[in-house]
Amino acid sequence: MCIVAFIAWNAYSKPYRDRAMTYDLERINDIEVPSIILDRHGREIGRIFVENRSMMAFQDIPQNFINALKAGEDSRFDTHDGVDYIGVARAAQKLVTNRGEITQGASTITQQLARDAYSLKAEAKRRQESGFQRKMVEMFLAQRIERRYRKDEILGFFVNRSFLGSGYYGLRSAALGYFGKEPKDLTVYECASIVTVLRNPFELSPMNNLEANKKGRDHVLWRMKEEGMITDIELASYQSMPVKLNPRPLQRGTSHVYELIAEEARNAIGEDAFAKGGFTIRTTILKEAQDAALAALQSTLSAIESQPGYMHAKYSDYKKSTLPP
């Protein structure tokens, strides 16, 4: 009976295993990197990007965040081969118990990386495939990734690539965007707040729903306690803390000067290279002069907008419309 089941499974899964072999693993970390605009003294005065991301080396990712990530998303990350078979079994049990309704996922960090890096959801939609069929490809591709890369490399790819809500991609952008801190300065509970956003970047972003984010954060903290990463006393202390935002996000340039610089860069290197990003653009602009000009413009506009009967669009509305979503 077992032999028959194995043969049947092997025949059914072969198309998905074959497809998983077609993806180029060397391109797993092909992601947009912002281009940095520097003034004449080498100081950053702006960024050009579509995805608000700032890359980090694995060694700069704080251990507290790695702990929160593993506890919240993939507690057996260090030991599985890309697929958490215990998690799969539990999800299957839930599927049967709830008569077809999946209430518990089983995607590992590596599977999530495979899904995002190779746009597997979009591909499945184009092929008109079910979620289960997409999962098959995702699982076999995750196993290939595990054979090709070390665990720390996989974590680094995932942390830099992940969408973490409110326009932030990767840990550094999220840390600055939500809490105004470099990742190394995040508290354990702030790390847990960011990790919980992975489950639903829109509904669990602390900028969109503080209460939902705190509930998810507290669950991640509880999981950390269950995994022996924090104590009962620490759990109670961390869960008592509010989610306190202090955003200092990395902003893209939005002035006329930045648009001119972006256009010149695009013409010089071509649209494809420009879209990928990662360039350093050195200018003859003096940061102090640019800041003074902007301050003068804002002061003048403020005086005009505050006059009685002013009915036109305001500068603050323009700024909101040009920031990343």
# chains A, B, ... in the order shown; residues from 1 in each chain; ligands from 1
$ residues_around --residues "Ala262 (chain A)" --least-positions-apart "2" --cutoff "10 Å" --atoms "only C-alpha atoms" --output "compact mmCIF listing (two decimals) with C-alpha atoms, in the first residue's frame"
# COMPACT_ATOMS: atom_id res chain seq x y z
CA SER A 35 20.19 54.96 -5.76
CA ILE A 37 22.16 61.17 -4.33
CA ARG A 47 17.19 58.71 -2.72
CA ILE A 48 15.65 57.40 -5.91
CA PHE A 49 13.57 54.25 -5.49
CA GLY A 253 13.49 63.07 -3.27
CA HIS A 256 12.21 69.66 -8.97
CA VAL A 257 15.97 69.21 -8.38
CA TYR A 258 15.55 65.49 -7.64
CA GLU A 259 13.38 65.03 -10.72
CA LEU A 260 16.10 66.62 -12.87
CA GLU A 264 19.72 62.79 -16.12
CA ALA A 265 20.63 59.46 -14.45
CA ARG A 266 17.96 57.60 -16.45
CA ASN A 267 19.26 59.05 -19.71
CA ALA A 268 22.86 58.22 -18.81
CA PHE A 274 17.97 52.80 -13.58
CA ILE A 281 24.94 59.81 -7.93
$ residues_around --residues "Val195 (chain A)" --least-positions-apart "6" --cutoff "9 Å" --atoms "only C-alpha atoms" --output "PyMOL selection string"
chain A and resi 65+68-69+72-73+164+216-217+220
$ residues_around --residues "Arg282 (chain A)" --least-positions-apart "4" --cutoff "8 Å" --atoms "only C-alpha atoms" --output "ChimeraX atom specification"
/A:37-40,42
$ write_last_selection --atoms "all heavy atoms" --output "PDB file, in the first residue's frame"
ATOM      1  N   ILE A  37      21.712  59.890  -3.787  1.00  0.00           N
ATOM      2  CA  ILE A  37      22.162  61.169  -4.332  1.00  0.00           C
ATOM      3  C   ILE A  37      23.029  61.859  -3.279  1.00  0.00           C
ATOM      4  O   ILE A  37      22.586  62.056  -2.133  1.00  0.00           O
ATOM      5  CB  ILE A  37      20.976  62.070  -4.708  1.00  0.00           C
ATOM      6  CG1 ILE A  37      20.036  61.352  -5.683  1.00  0.00           C
ATOM      7  CG2 ILE A  37      21.473  63.387  -5.315  1.00  0.00           C
ATOM      8  CD1 ILE A  37      18.748  62.120  -5.947  1.00  0.00           C
ATOM      9  N   LEU A  38      24.245  62.219  -3.655  1.00  0.00           N
ATOM     10  CA  LEU A  38      25.182  62.861  -2.732  1.00  0.00           C
ATOM     11  C   LEU A  38      25.442  64.311  -3.160  1.00  0.00           C
ATOM     12  O   LEU A  38      25.417  64.628  -4.351  1.00  0.00           O
ATOM     13  CB  LEU A  38      26.515  62.107  -2.697  1.00  0.00           C
ATOM     14  CG  LEU A  38      26.463  60.625  -2.331  1.00  0.00           C
ATOM     15  CD1 LEU A  38      27.869  60.033  -2.353  1.00  0.00           C
ATOM     16  CD2 LEU A  38      25.818  60.411  -0.968  1.00  0.00           C
ATOM     17  N   ASP A  39      25.711  65.169  -2.171  1.00  0.00           N
ATOM     18  CA  ASP A  39      26.082  66.544  -2.507  1.00  0.00           C
ATOM     19  C   ASP A  39      27.581  66.610  -2.809  1.00  0.00           C
ATOM     20  O   ASP A  39      28.265  65.579  -2.866  1.00  0.00           O
ATOM     21  CB  ASP A  39      25.665  67.504  -1.393  1.00  0.00           C
ATOM     22  CG  ASP A  39      26.637  67.553  -0.216  1.00  0.00           C
ATOM     23  OD1 ASP A  39      27.463  66.619  -0.070  1.00  0.00           O
ATOM     24  OD2 ASP A  39      26.570  68.512   0.560  1.00  0.00           O
ATOM     25  N   ARG A  40      28.111  67.804  -2.981  1.00  0.00           N
ATOM     26  CA  ARG A  40      29.514  67.948  -3.397  1.00  0.00           C
ATOM     27  C   ARG A  40      30.507  67.453  -2.345  1.00  0.00           C
ATOM     28  O   ARG A  40      31.663  67.150  -2.661  1.00  0.00           O
ATOM     29  CB  ARG A  40      29.824  69.406  -3.725  1.00  0.00           C
ATOM     30  CG  ARG A  40      29.774  70.347  -2.517  1.00  0.00           C
ATOM     31  CD  ARG A  40      30.155  71.762  -2.886  1.00  0.00           C
ATOM     32  NE  ARG A  40      29.180  72.352  -3.796  1.00  0.00           N
ATOM     33  CZ  ARG A  40      29.236  73.624  -4.195  1.00  0.00           C
ATOM     34  NH1 ARG A  40      30.235  74.409  -3.799  1.00  0.00           N
ATOM     35  NH2 ARG A  40      28.305  74.106  -4.993  1.00  0.00           N
ATOM     36  N   GLY A  42      29.850  64.685  -0.487  1.00  0.00           N
ATOM     37  CA  GLY A  42      29.594  63.275  -0.248  1.00  0.00           C
ATOM     38  C   GLY A  42      28.507  62.996   0.772  1.00  0.00           C
ATOM     39  O   GLY A  42      28.389  61.871   1.267  1.00  0.00           O
TER      40      GLY A  42
END
$ residues_around --residues "region 236-250 of chain A" --least-positions-apart "5" --cutoff "10 Å" --atoms "only C-alpha atoms" --output "PyMOL selection string"
chain A and resi 46-47+52-54+167-168+172-181+187-190+192-193+206-207+210-211+213-215+217-219+221-222+230-231+324
$ select_by_dssp --residues "region 99-265 of chain A" --states "helix (DSSP H, G or I)" --output "JSON, numbers by chain"
{"A": [109, 110, 111, 112, 113, 114, 115, 116, 117, 120, 121, 122, 123, 124, 125, 126, 127, 131, 132, 133, 134, 135, 136, 137, 138, 139, 140, 141, 142, 143, 144, 145, 146, 147, 148, 151, 152, 153, 154, 155, 156, 157, 158, 159, 160, 161, 171, 172, 173, 174, 175, 176, 177, 178, 179, 183, 184, 185, 188, 189, 190, 191, 192, 193, 194, 195, 196, 197, 210, 211, 212, 213, 214, 215, 216, 217, 218, 219, 220, 221, 222, 223, 224, 225, 226, 232, 233, 234, 235, 236, 237, 238, 239, 256, 257, 258, 259, 260, 261, 262, 263, 264, 265]}
$ atom_distance --atom1 "CA of Leu113 (chain A)" --atom2 "CA of Phe158 (chain A)"
5.7 Å
$ atom_distance --atom1 "CA of Asn160 (chain A)" --atom2 "CA of Met56 (chain A)"
6.6 Å
$ closest_residue --among "A:Arg223, A:Gln307, A:Val33, A:Lys184" --to "Gly170 (chain A)" --atoms "only C-alpha atoms"
A:Val33
